[in-house]
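Asker: Just one file: work_8.cif, with mmCIF, C-alpha atoms.
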```
data_run
#
loop_
_atom_site.label_atom_id
_atom_site.label_comp_id
_atom_site.auth_asym_id
_atom_site.auth_seq_id
_atom_site.Cartn_x
_atom_site.Cartn_y
_atom_site.Cartn_z
CA MET M 1 9.56 17.26 -14.20
CA TYR M 2 8.72 15.57 -10.91
CA ARG M 3 8.66 11.79 -10.54
CA LEU M 4 6.79 9.92 -7.81
CA VAL M 5 7.21 6.16 -7.40
CA LEU M 6 4.63 4.12 -5.52
CA ILE M 7 5.50 0.55 -4.67
CA ARG M 8 3.35 -1.98 -2.89
CA HIS M 9 5.47 -4.10 -0.55
CA GLY M 10 6.80 -7.41 -1.80
CA GLU M 11 4.77 -10.55 -1.15
CA SER M 12 4.29 -11.09 2.59
CA THR M 13 3.98 -14.42 4.39
CA TRP M 14 0.24 -13.81 4.76
CA ASN M 15 -0.11 -12.85 1.08
CA LYS M 16 1.41 -16.24 0.37
CA GLU M 17 -1.06 -17.91 2.76
CA ASN M 18 -3.95 -15.86 1.29
CA ARG M 19 -4.83 -14.26 4.63
CA PHE M 20 -6.30 -10.85 5.38
CA THR M 21 -3.39 -8.88 6.84
CA GLY M 22 -4.34 -5.25 7.44
CA TRP M 23 -2.41 -3.74 10.34
CA THR M 24 -1.00 -7.12 11.47
CA ASP M 25 2.79 -6.81 11.26
CA VAL M 26 3.85 -9.81 9.17
CA ASP M 27 7.17 -10.24 7.37
CA LEU M 28 8.10 -10.61 3.72
CA SER M 29 8.19 -14.03 2.12
CA GLU M 30 11.27 -15.16 0.18
CA ARG M 31 9.47 -14.16 -3.00
CA GLY M 32 8.70 -10.77 -1.44
CA VAL M 33 12.36 -10.14 -0.67
CA ASN M 34 13.29 -10.98 -4.26
CA GLU M 35 10.52 -8.74 -5.61
CA ALA M 36 11.84 -5.81 -3.56
CA LYS M 37 15.42 -6.35 -4.70
CA GLN M 38 14.36 -6.62 -8.34
CA ALA M 39 12.34 -3.41 -7.99
CA GLY M 40 15.44 -1.62 -6.73
CA GLN M 41 17.44 -2.89 -9.69
CA LYS M 42 14.75 -1.72 -12.16
CA LEU M 43 14.62 1.72 -10.58
CA LEU M 44 18.39 2.02 -10.69
CA GLU M 45 18.43 0.99 -14.35
CA ALA M 46 15.71 3.57 -15.07
CA GLY M 47 17.91 6.32 -13.65
CA PHE M 48 16.03 7.20 -10.47
CA GLN M 49 17.97 8.96 -7.70
CA PHE M 50 15.62 9.51 -4.79
CA LYS M 51 16.38 12.10 -2.14
CA TYR M 52 13.48 11.26 0.19
CA ALA M 53 11.27 8.26 0.97
CA TYR M 54 8.08 7.41 2.83
CA THR M 55 6.78 4.17 4.24
CA SER M 56 4.29 2.86 6.79
CA PHE M 57 4.70 1.54 10.34
CA LEU M 58 4.56 -2.07 9.08
CA LYS M 59 7.72 -4.06 8.49
CA ARG M 60 6.71 -5.61 5.18
CA ALA M 61 6.69 -2.10 3.69
CA ILE M 62 9.71 -0.91 5.68
CA LYS M 63 11.80 -3.90 4.61
CA THR M 64 10.67 -3.56 0.99
CA LEU M 65 11.86 0.05 0.99
CA ASN M 66 15.15 -0.95 2.60
CA TYR M 67 15.83 -3.64 -0.01
CA VAL M 68 14.96 -1.22 -2.82
CA LEU M 69 17.24 1.49 -1.45
CA GLU M 70 20.05 -0.97 -0.78
CA GLU M 71 20.01 -2.09 -4.42
CA MET M 72 20.20 1.59 -5.41
CA ASN M 73 22.95 2.44 -2.89
CA LEU M 74 20.53 4.92 -1.29
CA LEU M 75 20.12 3.59 2.24
CA TRP M 76 21.45 6.93 3.47
CA ILE M 77 18.50 9.06 2.33
CA PRO M 78 15.89 10.31 4.85
CA VAL M 79 12.93 7.95 5.36
CA GLU M 80 9.70 9.12 6.98
CA LYS M 81 7.41 6.51 8.54
CA THR M 82 3.74 7.24 9.07
CA TRP M 83 0.70 5.21 10.15
CA ARG M 84 -1.26 7.08 7.47
CA LEU M 85 0.40 4.82 4.89
CA ASN M 86 -0.63 1.64 6.72
CA GLU M 87 -2.79 -0.89 4.95
CA LYS M 88 -6.57 -0.71 5.32
CA HIS M 89 -7.55 -2.14 8.70
CA TYR M 90 -9.52 -5.33 8.05
CA GLY M 91 -11.05 -5.55 11.52
CA MET M 92 -12.14 -9.04 12.57
CA LEU M 93 -10.97 -10.48 9.23
CA GLN M 94 -7.28 -9.97 10.04
CA GLY M 95 -5.49 -13.31 10.04
CA LEU M 96 -8.38 -15.20 8.42
CA ASN M 97 -7.99 -17.08 5.14
CA LYS M 98 -9.70 -15.36 2.20
CA THR M 99 -10.71 -18.61 0.48
CA GLU M 100 -12.24 -19.94 3.70
CA MET M 101 -14.16 -16.69 4.10
CA VAL M 102 -15.46 -17.07 0.53
CA GLU M 103 -16.69 -20.55 1.36
CA LYS M 104 -18.40 -19.24 4.51
CA TYR M 105 -19.82 -15.91 3.35
CA GLY M 106 -19.74 -16.09 -0.46
CA GLU M 107 -17.54 -14.50 -3.09
CA GLN M 108 -19.60 -11.32 -3.38
CA GLN M 109 -19.51 -10.55 0.35
CA VAL M 110 -15.76 -11.09 0.54
CA LEU M 111 -15.28 -8.86 -2.50
CA ILE M 112 -17.29 -6.14 -0.75
CA TRP M 113 -15.14 -6.44 2.38
CA ARG M 114 -11.94 -6.43 0.34
CA ARG M 115 -12.71 -3.74 -2.20
CA SER M 116 -15.89 -1.82 -1.45
CA TYR M 117 -15.28 1.90 -1.21
CA ASP M 118 -17.43 2.47 1.87
CA VAL M 119 -18.39 -0.88 3.45
CA ARG M 120 -16.26 -1.83 6.46
CA PRO M 121 -15.55 -5.40 7.65
CA PRO M 122 -16.77 -6.34 11.17
CA LYS M 123 -14.84 -4.28 13.71
CA LEU M 124 -12.52 -5.41 16.49
CA GLU M 125 -13.38 -4.95 20.13
CA GLU M 126 -10.93 -2.79 22.09
CA SER M 127 -10.05 -5.83 24.24
CA ASP M 128 -8.83 -7.69 21.15
CA PRO M 129 -4.99 -7.76 21.04
CA ARG M 130 -5.20 -6.99 17.30
CA HIS M 131 -6.78 -3.58 18.02
CA PRO M 132 -4.30 -0.69 17.53
CA ILE M 133 -5.23 0.65 20.96
CA ASN M 134 -3.18 -2.24 22.37
CA ASP M 135 -0.07 -1.52 20.26
CA VAL M 136 2.54 0.92 21.59
CA ARG M 137 3.48 2.17 18.14
CA TYR M 138 0.01 3.73 17.82
CA ALA M 139 -0.03 5.48 21.18
CA GLY M 140 -0.06 8.89 19.49
CA ILE M 141 -3.11 8.24 17.35
CA ASN M 142 -4.87 6.42 20.19
CA GLU M 143 -4.69 9.63 22.23
CA LYS M 144 -6.42 11.48 19.40
CA GLY M 145 -9.09 8.80 19.02
CA CYS M 146 -7.94 7.96 15.49
CA ALA M 147 -7.06 4.29 15.98
CA PRO M 148 -9.37 2.27 13.71
CA ALA M 149 -11.14 -0.94 14.70
CA THR M 150 -11.94 -1.50 11.02
CA GLU M 151 -11.75 0.50 7.80
CA ALA M 152 -13.13 0.76 4.29
CA LEU M 153 -11.18 2.29 1.42
CA ILE M 154 -12.92 5.62 2.06
CA ASP M 155 -11.18 5.70 5.45
CA THR M 156 -7.74 5.12 3.96
CA VAL M 157 -8.45 7.88 1.41
CA GLU M 158 -9.47 10.26 4.20
CA ARG M 159 -6.22 9.64 6.09
CA ILE M 160 -3.81 9.56 3.15
CA VAL M 161 -5.02 12.35 0.82
CA PRO M 162 -4.49 15.13 3.40
CA PHE M 163 -0.99 13.71 4.01
CA TRP M 164 -0.31 13.75 0.27
CA LYS M 165 -1.31 17.40 0.10
CA SER M 166 0.52 18.55 3.22
CA ASP M 167 3.66 16.41 3.07
CA ILE M 168 4.39 14.07 0.16
CA SER M 169 3.59 16.55 -2.63
CA LYS M 170 5.72 19.21 -0.92
CA LYS M 171 8.69 16.87 -0.60
CA LEU M 172 8.25 15.86 -4.23
CA GLN M 173 8.47 19.48 -5.35
CA GLU M 174 11.52 19.98 -3.13
CA HIS M 175 13.45 16.86 -4.15
CA LYS M 176 12.10 16.14 -7.68
CA GLU M 177 11.96 12.37 -7.04
CA VAL M 178 10.29 10.61 -4.10
CA ILE M 179 9.47 6.96 -3.42
CA VAL M 180 6.57 5.71 -1.30
CA ALA M 181 6.61 2.07 -0.17
CA ALA M 182 3.29 1.09 1.32
CA HIS M 183 0.28 -1.19 0.83
CA GLY M 184 -2.39 -2.09 -1.68
CA ASN M 185 -5.17 0.03 -0.22
CA SER M 186 -3.21 3.02 1.06
CA LEU M 187 -1.61 3.29 -2.38
CA ARG M 188 -4.97 2.85 -4.10
CA GLY M 189 -6.12 5.85 -2.08
CA ILE M 190 -3.28 7.96 -3.51
CA VAL M 191 -3.87 6.65 -7.04
CA LYS M 192 -7.59 7.37 -6.78
CA TYR M 193 -6.87 10.97 -5.88
CA LEU M 194 -4.10 11.55 -8.43
CA LYS M 195 -6.06 10.04 -11.34
CA ASN M 196 -9.49 11.17 -10.18
CA ILE M 197 -10.84 7.62 -10.29
CA SER M 198 -14.49 7.23 -9.32
CA ASP M 199 -15.63 5.42 -6.16
CA ALA M 200 -17.05 2.65 -8.35
CA ASP M 201 -14.05 2.19 -10.65
CA ILE M 202 -11.43 2.10 -7.89
CA VAL M 203 -12.86 -1.27 -6.82
CA SER M 204 -11.32 -2.93 -9.89
CA LEU M 205 -7.81 -1.49 -9.51
CA ASN M 206 -5.37 -4.27 -8.56
CA LEU M 207 -1.88 -3.22 -7.51
CA PRO M 208 0.69 -6.05 -7.75
CA THR M 209 3.34 -6.57 -5.11
CA GLY M 210 6.85 -5.28 -5.73
CA ILE M 211 6.26 -3.48 -9.04
CA PRO M 212 7.24 0.22 -9.14
CA TYR M 213 4.38 2.48 -10.30
CA VAL M 214 5.71 5.77 -11.69
CA PHE M 215 3.82 9.09 -11.83
CA GLU M 216 5.31 12.01 -13.76
CA PHE M 217 4.18 15.60 -13.12
CA ASP M 218 4.95 18.85 -14.92
CA GLU M 219 6.35 21.96 -13.21
CA ASN M 220 2.83 22.88 -12.03
CA MET M 221 2.31 19.44 -10.49
CA ASN M 222 -0.17 18.39 -13.17
CA LEU M 223 -0.08 14.65 -13.81
CA VAL M 224 1.46 14.01 -17.23
CA LYS M 225 1.58 10.21 -17.33
CA ASP M 226 1.75 7.11 -15.17
CA TYR M 227 3.17 3.66 -15.85
CA PHE M 228 4.47 0.49 -14.20
CA LEU M 229 8.08 -0.64 -14.56
CA ALA M 230 7.07 -4.07 -15.87
CA ASP M 231 6.27 -5.62 -19.23
CA GLU M 232 2.60 -5.96 -20.10
CA ALA M 233 2.42 -9.75 -19.80
CA THR M 234 4.05 -9.82 -16.36
CA LEU M 235 1.89 -6.96 -15.13
CA LYS M 236 -1.32 -8.64 -16.31
CA LYS M 237 -0.37 -11.93 -14.64
CA LEU M 238 0.44 -10.26 -11.31
CA MET M 239 -2.72 -8.14 -11.34
CA GLU M 240 -4.79 -11.27 -11.96
CA GLU M 241 -3.12 -12.93 -8.97
CA VAL M 242 -4.29 -10.06 -6.75
CA ALA M 243 -7.80 -10.12 -8.21
CA ASN M 244 -8.13 -13.88 -7.65
CA GLN M 245 -7.20 -13.82 -3.95
CA GLY M 246 -10.83 -13.49 -2.88
CA LYS M 247 -12.31 -16.05 -5.29
CA LYS M 248 -13.22 -19.70 -4.95
CA LYS M 249 -10.44 -22.10 -5.84
#
```
Please render this file's structure as structure tokens.
Answerer:
Amino acid sequence: MYRLVLIRHGESTWNKENRFTGWTDVDLSERGVNEAKQAGQKLLEAGFQFKYAYTSFLKRAIKTLNYVLEEMNLLWIPVEKTWRLNEKHYGMLQGLNKTEMVEKYGEQQVLIWRRSYDVRPPKLEESDPRHPINDVRYAGINEKGCAPATEALIDTVERIVPFWKSDISKKLQEHKEVIVAAHGNSLRGIVKYLKNISDADIVSLNLPTGIPYVFEFDENMNLVKDYFLADEATLKKLMEEVANQGKKK
């Protein structure tokens, strides 16, 4: 049996402030730190012993992974960072308050920007300091013309699924257990592929912060089952929190 754990980073400071974050590199909130530590404790109690880990280029995911591994006494294992696990790029919306955007553009439009499979938010100009072309960590993808000015979920799927096939799935077969600490939309891209979720249905999938999501595969890498390491009531409450971020207060 192979076990993959996906974990969305703990609550960030901009999650707390209800802002669109995307590729903006914000830190964890105090709650987010606690969520990450608790996730590590749950994984340890569940008997996981990872040999390899993946995360994004963004510190809220990197720090979440570090806190998880520290709780498990696994800070020594190899960690691979990749921009392909970054959050969806929210373009001009990055840094803006979701509730204020609802008041300005309406709940339906904000939902489309947040969750539509193929509709992208307004893009950033290359002169905007928020554009990845102006960030040294993305120099490699800038040279290849891959740096996004905005993205829809379809774009995150197109950058993460090939990486799953070429890298993550191979490491999973090699090491039996792998953890991926990333973001709501990059992880939704993986989940969509693994569970063959339709373009329409993926819109309603809400991944809570800091809750390990376990996928078990048989020896032929067929998905056997998937489940969250959380009780049903807690999981429902946290998923509703995510769903309500783009609604009127």
Asker: Quick one: residues within 12 Å of M:Leu44, all atoms listed in the file counted, chain neighbours fewer than 5 positions away excluded, as a ChimeraX atom specification?
Answerer: /M:37-39,49-50,68-74,212,229
Asker: May I have the residues within 8 Å of stretch 84-94 of chain M as an MDAnalysis selection string, using all atoms listed in the file and disregarding those fewer than 3 positions away in the same chain?
Answerer: chainID M and resid 19:24 55:58 120:124 148:153 155:156 159:160 163 182:187
Asker: Using all atoms listed in the file, what table do you get, as JSON lines, when you list each residue of stretch 39-142 of chain M with an atom no more than 7 Å from stretch 6-12 of chain M, its nearest pair of atoms, and their distance in Å rounded to one decimal, rows by chain then rising number?
Answerer:
```
{"residue": "M:Arg60", "atom": "CA", "partner": "M:His9", "partner_atom": "CA", "distance": 6.1}
{"residue": "M:Ala61", "atom": "CA", "partner": "M:His9", "partner_atom": "CA", "distance": 4.8}
{"residue": "M:Thr64", "atom": "CA", "partner": "M:His9", "partner_atom": "CA", "distance": 5.5}
```
Asker: Using C-alpha atoms, can you export the residues from the last selection as a PDB file, keeping the file's coordinate frame?
Answerer:
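And here is the file that came out, part.pdb:
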```
ATOM      1  CA  ARG M  60       6.710  -5.610   5.180  1.00  0.00           C
ATOM      2  CA  ALA M  61       6.690  -2.100   3.690  1.00  0.00           C
ATOM      3  CA  THR M  64      10.670  -3.560   0.990  1.00  0.00           C
TER       4      THR M  64
END
```
Asker: Could you pull the residues within 10 Å of M:Val161, counting only C-alpha atoms, minus those fewer than 5 positions along the same chain, as a ChimeraX atom specification?
Answerer: /M:84,156,166-168,186,189-194
Asker: Go through M:Arg3, M:His131, M:Lys63, M:Arg115 one by one, measure the shortest atom-to-atom distance of each to M:Gly47 using only C-alpha atoms, and give the residue with the smallest value.
Answerer: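 When distances to M:Gly47 are compared using only C-alpha atoms, the smallest one comes from M:Arg3.
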Asker: Write out as JSON an axis-aligned box for stretch 42-46 of chain M: all of its atoms listed in the file, 8 Å added on each side, centre and edge lengths in Å with one decimal.
Answerer:
```
{"center_x": 16.5, "center_y": 0.9, "center_z": -12.8, "size_x": 19.8, "size_y": 21.3, "size_z": 20.5}
```
Asker: Determine the nearest neighbour of M:Leu96 from the options M:Leu111, M:Pro129, M:Lys236, M:Asn18, counting all atoms listed in the file.
Answerer: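 Result for the nearest residue to M:Leu96: M:Asn18.
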Asker: Starting from the shown file, work through the PyMOL selection byres ((chain M and resi 174) around 12) and note down what comes out as an MDAnalysis selection string.
Answerer: chainID M and resid 1:3 50:52 167:173 175:178 219 221
Asker: Quick one: distance from atom CA of M:Gln108 to atom CA of M:Val157 in Å, one decimal?
Answerer: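 One can read the atom CA of M:Gln108 to atom CA of M:Val157 distance as 22.7 Å.
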Asker: From the set M:Trp113, M:Ala147, M:Leu75, M:Arg188, which residue has the shortest atom-to-atom contact distance to M:Glu126, counting all atoms listed in the file?
Answerer: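 Using all atoms listed in the file, the shortest distance to M:Glu126 belongs to M:Ala147.
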